[in-house]
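protein_9.txt (compact mmCIF, N, CA, C and O atoms)
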# COMPACT_ATOMS: atom_id res chain seq x y z
N GLN A 13 -9.35 -17.84 37.26
CA GLN A 13 -8.84 -16.74 36.45
C GLN A 13 -9.99 -16.17 35.64
O GLN A 13 -10.71 -16.90 34.97
N ASP A 14 -10.15 -14.88 35.67
CA ASP A 14 -11.27 -14.22 35.00
C ASP A 14 -10.88 -13.85 33.56
O ASP A 14 -9.76 -13.42 33.29
N SER A 15 -11.82 -14.01 32.65
CA SER A 15 -11.58 -13.70 31.25
C SER A 15 -11.58 -12.19 31.03
O SER A 15 -12.36 -11.48 31.66
N PRO A 16 -10.73 -11.67 30.14
CA PRO A 16 -10.72 -10.22 29.91
C PRO A 16 -12.00 -9.73 29.21
O PRO A 16 -12.38 -8.59 29.36
N LEU A 17 -12.66 -10.62 28.47
CA LEU A 17 -13.91 -10.25 27.80
C LEU A 17 -15.02 -11.16 28.30
O LEU A 17 -14.86 -12.37 28.41
N LYS A 18 -16.16 -10.56 28.56
CA LYS A 18 -17.33 -11.33 28.99
C LYS A 18 -17.99 -11.96 27.76
O LYS A 18 -17.65 -11.65 26.62
N ALA A 19 -18.95 -12.82 27.99
CA ALA A 19 -19.59 -13.55 26.89
C ALA A 19 -20.29 -12.61 25.91
O ALA A 19 -20.18 -12.77 24.70
N VAL A 20 -20.99 -11.63 26.42
CA VAL A 20 -21.71 -10.70 25.53
C VAL A 20 -20.72 -9.87 24.73
O VAL A 20 -20.94 -9.59 23.54
N GLN A 21 -19.63 -9.47 25.34
CA GLN A 21 -18.61 -8.71 24.61
C GLN A 21 -18.00 -9.56 23.50
O GLN A 21 -17.75 -9.06 22.39
N MET A 22 -17.76 -10.83 23.77
CA MET A 22 -17.23 -11.73 22.75
C MET A 22 -18.21 -11.87 21.59
O MET A 22 -17.81 -11.94 20.42
N LEU A 23 -19.50 -11.92 21.89
CA LEU A 23 -20.50 -12.01 20.83
C LEU A 23 -20.50 -10.77 19.95
O LEU A 23 -20.63 -10.85 18.73
N TRP A 24 -20.34 -9.60 20.56
CA TRP A 24 -20.29 -8.36 19.78
C TRP A 24 -19.03 -8.31 18.91
O TRP A 24 -19.08 -7.91 17.75
N VAL A 25 -17.90 -8.71 19.46
CA VAL A 25 -16.66 -8.74 18.68
C VAL A 25 -16.82 -9.69 17.50
O VAL A 25 -16.45 -9.38 16.36
N ASN A 26 -17.39 -10.85 17.75
CA ASN A 26 -17.59 -11.83 16.69
C ASN A 26 -18.54 -11.29 15.63
O ASN A 26 -18.31 -11.46 14.43
N LEU A 27 -19.62 -10.63 16.04
CA LEU A 27 -20.57 -10.06 15.09
C LEU A 27 -19.91 -9.01 14.21
O LEU A 27 -20.08 -9.01 12.98
N ILE A 28 -19.13 -8.13 14.81
CA ILE A 28 -18.48 -7.07 14.03
C ILE A 28 -17.45 -7.66 13.07
O ILE A 28 -17.41 -7.30 11.89
N MET A 29 -16.62 -8.57 13.54
CA MET A 29 -15.59 -9.15 12.68
C MET A 29 -16.21 -9.96 11.54
O MET A 29 -15.74 -9.90 10.40
N ASP A 30 -17.26 -10.71 11.82
CA ASP A 30 -17.90 -11.49 10.77
C ASP A 30 -18.62 -10.61 9.77
O ASP A 30 -18.70 -10.94 8.59
N THR A 31 -19.15 -9.47 10.22
CA THR A 31 -19.84 -8.56 9.31
C THR A 31 -18.88 -8.01 8.27
O THR A 31 -19.18 -7.99 7.08
N PHE A 32 -17.71 -7.56 8.70
CA PHE A 32 -16.74 -7.01 7.76
C PHE A 32 -16.25 -8.07 6.79
O PHE A 32 -16.07 -7.81 5.60
N ALA A 33 -16.03 -9.28 7.28
CA ALA A 33 -15.58 -10.35 6.40
C ALA A 33 -16.64 -10.71 5.37
O ALA A 33 -16.34 -10.91 4.19
N SER A 34 -17.88 -10.78 5.79
CA SER A 34 -18.93 -11.13 4.84
C SER A 34 -19.16 -10.01 3.83
O SER A 34 -19.45 -10.27 2.66
N LEU A 35 -19.00 -8.76 4.24
CA LEU A 35 -19.11 -7.66 3.28
C LEU A 35 -17.99 -7.71 2.25
O LEU A 35 -18.19 -7.45 1.07
N ALA A 36 -16.80 -8.06 2.70
CA ALA A 36 -15.67 -8.16 1.78
C ALA A 36 -15.91 -9.27 0.76
O ALA A 36 -15.58 -9.13 -0.42
N LEU A 37 -16.47 -10.38 1.20
CA LEU A 37 -16.72 -11.48 0.29
C LEU A 37 -17.92 -11.21 -0.62
O LEU A 37 -17.99 -11.73 -1.73
N ALA A 38 -18.86 -10.41 -0.17
CA ALA A 38 -20.08 -10.18 -0.94
C ALA A 38 -19.94 -9.07 -1.97
O ALA A 38 -20.84 -8.88 -2.79
N THR A 39 -18.86 -8.33 -1.97
CA THR A 39 -18.75 -7.21 -2.89
C THR A 39 -18.40 -7.63 -4.31
O THR A 39 -18.64 -6.88 -5.24
N GLU A 40 -17.81 -8.79 -4.49
CA GLU A 40 -17.42 -9.24 -5.82
C GLU A 40 -18.39 -10.31 -6.30
O GLU A 40 -18.46 -11.39 -5.74
N PRO A 41 -19.17 -10.01 -7.34
CA PRO A 41 -20.11 -11.02 -7.83
C PRO A 41 -19.37 -12.17 -8.50
O PRO A 41 -18.35 -11.96 -9.15
N PRO A 42 -19.85 -13.40 -8.34
CA PRO A 42 -19.17 -14.54 -8.96
C PRO A 42 -19.34 -14.53 -10.47
O PRO A 42 -20.44 -14.35 -10.97
N THR A 43 -18.25 -14.66 -11.16
CA THR A 43 -18.29 -14.78 -12.62
C THR A 43 -17.94 -16.20 -13.01
O THR A 43 -17.41 -16.96 -12.20
N GLU A 44 -18.23 -16.55 -14.23
CA GLU A 44 -17.94 -17.91 -14.68
C GLU A 44 -16.44 -18.21 -14.62
O GLU A 44 -16.02 -19.28 -14.20
N ALA A 45 -15.62 -17.23 -15.01
CA ALA A 45 -14.17 -17.43 -14.98
C ALA A 45 -13.67 -17.61 -13.55
O ALA A 45 -12.77 -18.41 -13.29
N LEU A 46 -14.25 -16.87 -12.62
CA LEU A 46 -13.84 -16.98 -11.23
C LEU A 46 -14.23 -18.34 -10.65
O LEU A 46 -13.47 -18.94 -9.89
N LEU A 47 -15.38 -18.83 -11.03
CA LEU A 47 -15.83 -20.12 -10.50
C LEU A 47 -15.08 -21.30 -11.13
O LEU A 47 -14.99 -22.36 -10.53
N LEU A 48 -14.54 -21.11 -12.33
CA LEU A 48 -13.87 -22.21 -13.02
C LEU A 48 -12.36 -22.24 -12.80
O LEU A 48 -11.72 -23.21 -13.19
N ARG A 49 -11.79 -21.18 -12.21
CA ARG A 49 -10.34 -21.16 -12.05
C ARG A 49 -9.91 -22.17 -10.99
O ARG A 49 -10.64 -22.49 -10.07
N LYS A 50 -8.71 -22.67 -11.14
CA LYS A 50 -8.15 -23.64 -10.20
C LYS A 50 -7.74 -22.93 -8.91
O LYS A 50 -7.39 -21.74 -8.92
N PRO A 51 -7.75 -23.63 -7.80
CA PRO A 51 -7.31 -23.01 -6.54
C PRO A 51 -5.82 -22.67 -6.58
O PRO A 51 -5.05 -23.27 -7.31
N TYR A 52 -5.45 -21.70 -5.77
CA TYR A 52 -4.04 -21.34 -5.66
C TYR A 52 -3.30 -22.43 -4.90
O TYR A 52 -3.86 -23.09 -4.04
N GLY A 53 -2.03 -22.61 -5.22
CA GLY A 53 -1.23 -23.63 -4.56
C GLY A 53 -0.89 -23.28 -3.12
O GLY A 53 -1.04 -22.14 -2.69
N ARG A 54 -0.39 -24.25 -2.39
CA ARG A 54 -0.03 -24.03 -0.99
C ARG A 54 1.17 -23.10 -0.84
O ARG A 54 1.32 -22.43 0.17
N ASN A 55 2.04 -23.07 -1.82
CA ASN A 55 3.25 -22.26 -1.72
C ASN A 55 3.07 -20.85 -2.26
O ASN A 55 4.00 -20.05 -2.21
N LYS A 56 1.92 -20.54 -2.80
CA LYS A 56 1.67 -19.19 -3.31
C LYS A 56 1.53 -18.22 -2.14
O LYS A 56 0.97 -18.57 -1.09
N PRO A 57 2.02 -17.00 -2.27
CA PRO A 57 1.90 -16.04 -1.16
C PRO A 57 0.45 -15.60 -0.96
O PRO A 57 -0.33 -15.52 -1.91
N LEU A 58 0.10 -15.33 0.28
CA LEU A 58 -1.24 -14.89 0.61
C LEU A 58 -1.49 -13.47 0.10
O LEU A 58 -2.58 -13.15 -0.37
N ILE A 59 -0.46 -12.64 0.17
CA ILE A 59 -0.56 -11.26 -0.30
C ILE A 59 0.28 -11.15 -1.57
O ILE A 59 1.49 -11.36 -1.54
N SER A 60 -0.38 -10.76 -2.66
CA SER A 60 0.32 -10.66 -3.93
C SER A 60 1.17 -9.38 -3.97
O SER A 60 1.08 -8.52 -3.09
N ARG A 61 1.98 -9.27 -5.02
CA ARG A 61 2.85 -8.10 -5.16
C ARG A 61 2.01 -6.82 -5.31
O ARG A 61 2.32 -5.78 -4.73
N THR A 62 0.93 -6.90 -6.08
CA THR A 62 0.06 -5.73 -6.26
C THR A 62 -0.61 -5.33 -4.95
O THR A 62 -0.69 -4.14 -4.63
N MET A 63 -1.05 -6.32 -4.19
CA MET A 63 -1.66 -6.02 -2.89
C MET A 63 -0.65 -5.36 -1.97
O MET A 63 -0.99 -4.41 -1.25
N MET A 64 0.58 -5.86 -1.97
CA MET A 64 1.61 -5.28 -1.10
C MET A 64 1.90 -3.84 -1.49
O MET A 64 2.08 -2.98 -0.62
N LYS A 65 1.95 -3.57 -2.80
CA LYS A 65 2.17 -2.18 -3.24
C LYS A 65 1.04 -1.28 -2.77
O LYS A 65 1.28 -0.16 -2.32
N ASN A 66 -0.20 -1.76 -2.88
CA ASN A 66 -1.35 -0.96 -2.45
C ASN A 66 -1.33 -0.73 -0.94
O ASN A 66 -1.61 0.38 -0.46
N ILE A 67 -0.99 -1.75 -0.18
CA ILE A 67 -0.94 -1.63 1.29
C ILE A 67 0.14 -0.63 1.70
O ILE A 67 -0.09 0.26 2.52
N LEU A 68 1.33 -0.78 1.13
CA LEU A 68 2.43 0.14 1.48
C LEU A 68 2.15 1.56 1.02
O LEU A 68 2.45 2.52 1.72
N GLY A 69 1.58 1.70 -0.17
CA GLY A 69 1.24 3.03 -0.67
C GLY A 69 0.22 3.72 0.22
O GLY A 69 0.34 4.91 0.52
N HIS A 70 -0.77 2.98 0.65
CA HIS A 70 -1.79 3.57 1.52
C HIS A 70 -1.21 3.89 2.89
O HIS A 70 -1.55 4.92 3.48
N ALA A 71 -0.32 3.06 3.39
CA ALA A 71 0.32 3.33 4.68
C ALA A 71 1.16 4.60 4.62
O ALA A 71 1.13 5.43 5.54
N VAL A 72 1.92 4.77 3.53
CA VAL A 72 2.73 5.98 3.37
C VAL A 72 1.83 7.21 3.29
O VAL A 72 2.11 8.25 3.91
N TYR A 73 0.72 7.10 2.56
CA TYR A 73 -0.22 8.22 2.44
C TYR A 73 -0.78 8.59 3.81
O TYR A 73 -0.81 9.77 4.18
N GLN A 74 -1.24 7.59 4.58
CA GLN A 74 -1.81 7.88 5.89
C GLN A 74 -0.78 8.46 6.85
O GLN A 74 -1.08 9.41 7.59
N LEU A 75 0.43 7.90 6.85
CA LEU A 75 1.46 8.43 7.74
C LEU A 75 1.84 9.85 7.37
O LEU A 75 2.05 10.70 8.25
N THR A 76 1.93 10.13 6.08
CA THR A 76 2.23 11.50 5.64
C THR A 76 1.16 12.47 6.11
O THR A 76 1.46 13.55 6.64
N LEU A 77 -0.11 12.09 5.94
CA LEU A 77 -1.21 12.96 6.36
C LEU A 77 -1.21 13.17 7.87
O LEU A 77 -1.31 14.30 8.35
N ILE A 78 -1.04 12.09 8.63
CA ILE A 78 -1.08 12.20 10.09
C ILE A 78 0.09 13.03 10.61
O ILE A 78 -0.09 13.91 11.46
N PHE A 79 1.30 12.78 10.11
CA PHE A 79 2.45 13.55 10.59
C PHE A 79 2.38 15.01 10.14
O PHE A 79 2.81 15.90 10.86
N THR A 80 1.82 15.26 8.97
CA THR A 80 1.63 16.65 8.53
C THR A 80 0.67 17.36 9.48
O THR A 80 0.93 18.49 9.91
N LEU A 81 -0.44 16.71 9.80
CA LEU A 81 -1.38 17.33 10.74
C LEU A 81 -0.78 17.47 12.13
O LEU A 81 -1.04 18.46 12.82
N LEU A 82 0.03 16.53 12.54
CA LEU A 82 0.60 16.58 13.88
C LEU A 82 1.62 17.70 14.03
O LEU A 82 1.62 18.43 15.02
N PHE A 83 2.50 17.85 13.04
CA PHE A 83 3.59 18.81 13.18
C PHE A 83 3.30 20.18 12.56
O PHE A 83 3.88 21.17 12.98
N VAL A 84 2.42 20.24 11.56
CA VAL A 84 2.14 21.52 10.90
C VAL A 84 0.68 21.91 11.08
O VAL A 84 0.26 22.95 10.60
N GLY A 85 -0.08 21.10 11.78
CA GLY A 85 -1.52 21.33 11.91
C GLY A 85 -1.88 22.64 12.57
O GLY A 85 -2.87 23.27 12.21
N GLU A 86 -1.10 23.05 13.55
CA GLU A 86 -1.41 24.30 14.23
C GLU A 86 -1.29 25.51 13.31
O GLU A 86 -2.02 26.47 13.45
N GLN A 87 -0.37 25.45 12.36
CA GLN A 87 -0.24 26.57 11.42
C GLN A 87 -1.33 26.52 10.35
O GLN A 87 -1.63 27.53 9.73
N LEU A 88 -1.93 25.35 10.14
CA LEU A 88 -2.97 25.22 9.11
C LEU A 88 -4.34 25.66 9.58
O LEU A 88 -5.19 26.01 8.76
N THR A 89 -4.58 25.67 10.88
CA THR A 89 -5.89 26.06 11.40
C THR A 89 -5.90 27.53 11.74
O THR A 89 -4.92 28.07 12.24
N PRO A 90 -7.00 28.20 11.44
CA PRO A 90 -7.05 29.64 11.74
C PRO A 90 -7.08 29.95 13.23
O PRO A 90 -6.67 31.02 13.65
N THR A 91 -7.54 29.02 14.06
CA THR A 91 -7.64 29.30 15.50
C THR A 91 -6.37 28.94 16.25
O THR A 91 -6.26 29.20 17.44
N ARG A 92 -5.42 28.29 15.59
CA ARG A 92 -4.14 27.87 16.18
C ARG A 92 -4.34 26.95 17.38
O ARG A 92 -3.63 27.01 18.36
N ARG A 93 -5.37 26.10 17.28
CA ARG A 93 -5.59 25.14 18.36
C ARG A 93 -4.66 23.95 18.20
O ARG A 93 -3.96 23.82 17.21
N SER A 94 -4.69 23.08 19.16
CA SER A 94 -3.85 21.88 19.12
C SER A 94 -4.24 21.01 17.94
O SER A 94 -5.42 20.88 17.60
N ALA A 95 -3.26 20.40 17.32
CA ALA A 95 -3.51 19.58 16.14
C ALA A 95 -3.86 18.14 16.51
O ALA A 95 -4.20 17.35 15.65
N GLU A 96 -3.78 17.79 17.78
CA GLU A 96 -4.03 16.41 18.17
C GLU A 96 -5.44 15.93 17.84
O GLU A 96 -5.60 14.82 17.32
N PRO A 97 -6.51 16.72 18.07
CA PRO A 97 -7.84 16.25 17.66
C PRO A 97 -7.96 16.03 16.15
O PRO A 97 -8.65 15.11 15.72
N MET A 98 -7.27 16.86 15.36
CA MET A 98 -7.31 16.66 13.92
C MET A 98 -6.68 15.33 13.53
O MET A 98 -7.13 14.66 12.62
N CYS A 99 -5.61 14.95 14.21
CA CYS A 99 -4.96 13.67 13.92
C CYS A 99 -5.88 12.51 14.21
O CYS A 99 -5.97 11.57 13.44
N TRP A 100 -6.58 12.57 15.33
CA TRP A 100 -7.51 11.49 15.67
C TRP A 100 -8.67 11.46 14.70
O TRP A 100 -9.16 10.39 14.33
N ASN A 101 -9.16 12.61 14.27
CA ASN A 101 -10.25 12.65 13.30
C ASN A 101 -9.80 12.14 11.94
O ASN A 101 -10.60 11.57 11.20
N ALA A 102 -8.55 12.33 11.59
CA ALA A 102 -8.05 11.88 10.30
C ALA A 102 -7.91 10.36 10.26
O ALA A 102 -7.91 9.76 9.19
N LEU A 103 -7.77 9.74 11.41
CA LEU A 103 -7.69 8.28 11.44
C LEU A 103 -9.01 7.70 11.05
O LEU A 103 -9.16 6.71 10.45
Could you write out this file's structure as structure tokens?
Amino acid sequence: QDSPLKAVQMLWVNLIMDTFASLALATEPPTEALLLRKPYGRNKPLISRTMMKNILGHAVYQLTLIFTLLFVGEQLTPTRRSAEPMCWNAL
């Protein structure tokens, strides 16, 4: 059975995924309070209430923008071209 990804492709995927993770971890400098705080418990949720609000708010914003461009985009452009390229560019 042949693998869907070759070895070099797997290395590129791993490099890209690790790069984003390391950038996310490197953006917040360690403070004394952060280093001294106790670890979160096993029963604590991975995504906090504030994070969930931000995720849902951003999803609503993106969906509103994409659907606006998809359904009203032709009227917004002076050339009246198809709005599909605008939707892909907005992603």
Q. Could you pull out all residues of chain A with a DSSP call of helix (DSSP H, G or I) and give them as an MDAnalysis selection string?
A. chainID A and resid 19:38 44:48 61:88 96:102
Q. What is the distance between atom CA of Thr89 of chain A and atom CA of Leu77 of chain A, in Å to one decimal?
A. 14.8 Å
Return as lines of an AutoDock Vina configuration file the centre and edge lengths, in Å with one decimal, of the box along x, y and z that encloses every atom of segment 38-47 of chain A in the file, padded by 3 Å per side.
center_x = -16.8
center_y = -14.6
center_z = -7.6
size_x = 14.1
size_y = 21.5
size_z = 20.8
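Of note, atom O of Ile28 of chain A and atom C of Asn55 of chain A are spaced 28.3 Å apart.
Going from atom CA of Val84 of chain A over to atom CA of Asn101 of chain A, you cover 15.4 Å.
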As a PDB file, in the frame of the given file, please: segment 68-79 of chain A completed to all heavy atoms.
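What ended up in rebuild.pdb:
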ATOM      1  N   LEU A  68       1.330  -0.780   1.130  1.00  0.00           N
ATOM      2  CA  LEU A  68       2.430   0.140   1.480  1.00  0.00           C
ATOM      3  C   LEU A  68       2.150   1.560   1.020  1.00  0.00           C
ATOM      4  O   LEU A  68       2.450   2.520   1.720  1.00  0.00           O
ATOM      5  CB  LEU A  68       3.739  -0.379   0.901  1.00  0.00           C
ATOM      6  CG  LEU A  68       4.272  -1.662   1.532  1.00  0.00           C
ATOM      7  CD1 LEU A  68       5.517  -2.146   0.795  1.00  0.00           C
ATOM      8  CD2 LEU A  68       4.555  -1.465   3.003  1.00  0.00           C
ATOM      9  N   GLY A  69       1.580   1.700  -0.170  1.00  0.00           N
ATOM     10  CA  GLY A  69       1.240   3.030  -0.670  1.00  0.00           C
ATOM     11  C   GLY A  69       0.220   3.720   0.220  1.00  0.00           C
ATOM     12  O   GLY A  69       0.340   4.910   0.520  1.00  0.00           O
ATOM     13  N   HIS A  70      -0.770   2.980   0.650  1.00  0.00           N
ATOM     14  CA  HIS A  70      -1.790   3.570   1.520  1.00  0.00           C
ATOM     15  C   HIS A  70      -1.210   3.890   2.890  1.00  0.00           C
ATOM     16  O   HIS A  70      -1.550   4.920   3.480  1.00  0.00           O
ATOM     17  CB  HIS A  70      -2.961   2.598   1.669  1.00  0.00           C
ATOM     18  CG  HIS A  70      -4.226   3.263   2.095  1.00  0.00           C
ATOM     19  ND1 HIS A  70      -4.473   3.585   3.392  1.00  0.00           N
ATOM     20  CD2 HIS A  70      -5.295   3.686   1.390  1.00  0.00           C
ATOM     21  CE1 HIS A  70      -5.653   4.164   3.480  1.00  0.00           C
ATOM     22  NE2 HIS A  70      -6.171   4.236   2.267  1.00  0.00           N
ATOM     23  N   ALA A  71      -0.320   3.060   3.390  1.00  0.00           N
ATOM     24  CA  ALA A  71       0.320   3.330   4.680  1.00  0.00           C
ATOM     25  C   ALA A  71       1.160   4.600   4.620  1.00  0.00           C
ATOM     26  O   ALA A  71       1.130   5.430   5.540  1.00  0.00           O
ATOM     27  CB  ALA A  71       1.169   2.143   5.102  1.00  0.00           C
ATOM     28  N   VAL A  72       1.920   4.770   3.530  1.00  0.00           N
ATOM     29  CA  VAL A  72       2.730   5.980   3.370  1.00  0.00           C
ATOM     30  C   VAL A  72       1.830   7.210   3.290  1.00  0.00           C
ATOM     31  O   VAL A  72       2.110   8.250   3.910  1.00  0.00           O
ATOM     32  CB  VAL A  72       3.625   5.860   2.117  1.00  0.00           C
ATOM     33  CG1 VAL A  72       4.250   7.190   1.747  1.00  0.00           C
ATOM     34  CG2 VAL A  72       4.700   4.815   2.348  1.00  0.00           C
ATOM     35  N   TYR A  73       0.720   7.100   2.560  1.00  0.00           N
ATOM     36  CA  TYR A  73      -0.220   8.220   2.440  1.00  0.00           C
ATOM     37  C   TYR A  73      -0.780   8.590   3.810  1.00  0.00           C
ATOM     38  O   TYR A  73      -0.810   9.770   4.180  1.00  0.00           O
ATOM     39  CB  TYR A  73      -1.350   7.843   1.472  1.00  0.00           C
ATOM     40  CG  TYR A  73      -2.504   8.803   1.494  1.00  0.00           C
ATOM     41  CD1 TYR A  73      -2.399  10.057   0.918  1.00  0.00           C
ATOM     42  CD2 TYR A  73      -3.710   8.457   2.097  1.00  0.00           C
ATOM     43  CE1 TYR A  73      -3.459  10.946   0.947  1.00  0.00           C
ATOM     44  CE2 TYR A  73      -4.766   9.327   2.131  1.00  0.00           C
ATOM     45  CZ  TYR A  73      -4.636  10.573   1.555  1.00  0.00           C
ATOM     46  OH  TYR A  73      -5.682  11.448   1.592  1.00  0.00           O
ATOM     47  N   GLN A  74      -1.240   7.590   4.580  1.00  0.00           N
ATOM     48  CA  GLN A  74      -1.810   7.880   5.890  1.00  0.00           C
ATOM     49  C   GLN A  74      -0.780   8.460   6.850  1.00  0.00           C
ATOM     50  O   GLN A  74      -1.080   9.410   7.590  1.00  0.00           O
ATOM     51  CB  GLN A  74      -2.411   6.612   6.493  1.00  0.00           C
ATOM     52  CG  GLN A  74      -3.730   6.228   5.893  1.00  0.00           C
ATOM     53  CD  GLN A  74      -4.360   5.056   6.607  1.00  0.00           C
ATOM     54  OE1 GLN A  74      -3.670   4.258   7.222  1.00  0.00           O
ATOM     55  NE2 GLN A  74      -5.672   4.955   6.523  1.00  0.00           N
ATOM     56  N   LEU A  75       0.430   7.900   6.850  1.00  0.00           N
ATOM     57  CA  LEU A  75       1.460   8.430   7.740  1.00  0.00           C
ATOM     58  C   LEU A  75       1.840   9.850   7.370  1.00  0.00           C
ATOM     59  O   LEU A  75       2.050  10.700   8.250  1.00  0.00           O
ATOM     60  CB  LEU A  75       2.693   7.522   7.705  1.00  0.00           C
ATOM     61  CG  LEU A  75       2.532   6.185   8.425  1.00  0.00           C
ATOM     62  CD1 LEU A  75       3.748   5.304   8.167  1.00  0.00           C
ATOM     63  CD2 LEU A  75       2.334   6.401   9.908  1.00  0.00           C
ATOM     64  N   THR A  76       1.930  10.130   6.080  1.00  0.00           N
ATOM     65  CA  THR A  76       2.230  11.500   5.640  1.00  0.00           C
ATOM     66  C   THR A  76       1.160  12.470   6.110  1.00  0.00           C
ATOM     67  O   THR A  76       1.460  13.550   6.640  1.00  0.00           O
ATOM     68  CB  THR A  76       2.359  11.551   4.107  1.00  0.00           C
ATOM     69  OG1 THR A  76       3.355  10.628   3.690  1.00  0.00           O
ATOM     70  CG2 THR A  76       2.703  12.942   3.624  1.00  0.00           C
ATOM     71  N   LEU A  77      -0.110  12.090   5.940  1.00  0.00           N
ATOM     72  CA  LEU A  77      -1.210  12.960   6.360  1.00  0.00           C
ATOM     73  C   LEU A  77      -1.210  13.170   7.870  1.00  0.00           C
ATOM     74  O   LEU A  77      -1.310  14.300   8.350  1.00  0.00           O
ATOM     75  CB  LEU A  77      -2.543  12.351   5.915  1.00  0.00           C
ATOM     76  CG  LEU A  77      -3.786  13.120   6.311  1.00  0.00           C
ATOM     77  CD1 LEU A  77      -3.833  14.441   5.558  1.00  0.00           C
ATOM     78  CD2 LEU A  77      -5.014  12.300   6.034  1.00  0.00           C
ATOM     79  N   ILE A  78      -1.040  12.090   8.630  1.00  0.00           N
ATOM     80  CA  ILE A  78      -1.080  12.200  10.090  1.00  0.00           C
ATOM     81  C   ILE A  78       0.090  13.030  10.610  1.00  0.00           C
ATOM     82  O   ILE A  78      -0.090  13.910  11.460  1.00  0.00           O
ATOM     83  CB  ILE A  78      -1.059  10.791  10.729  1.00  0.00           C
ATOM     84  CG1 ILE A  78      -2.346  10.042  10.417  1.00  0.00           C
ATOM     85  CG2 ILE A  78      -0.848  10.873  12.238  1.00  0.00           C
ATOM     86  CD1 ILE A  78      -3.591  10.657  10.990  1.00  0.00           C
ATOM     87  N   PHE A  79       1.300  12.780  10.110  1.00  0.00           N
ATOM     88  CA  PHE A  79       2.450  13.550  10.590  1.00  0.00           C
ATOM     89  C   PHE A  79       2.380  15.010  10.140  1.00  0.00           C
ATOM     90  O   PHE A  79       2.810  15.900  10.860  1.00  0.00           O
ATOM     91  CB  PHE A  79       3.756  12.904  10.140  1.00  0.00           C
ATOM     92  CG  PHE A  79       4.114  11.689  10.940  1.00  0.00           C
ATOM     93  CD1 PHE A  79       4.523  10.529  10.312  1.00  0.00           C
ATOM     94  CD2 PHE A  79       4.035  11.698  12.319  1.00  0.00           C
ATOM     95  CE1 PHE A  79       4.848   9.401  11.047  1.00  0.00           C
ATOM     96  CE2 PHE A  79       4.349  10.581  13.070  1.00  0.00           C
ATOM     97  CZ  PHE A  79       4.747   9.424  12.435  1.00  0.00           C
TER      98      PHE A  79
END
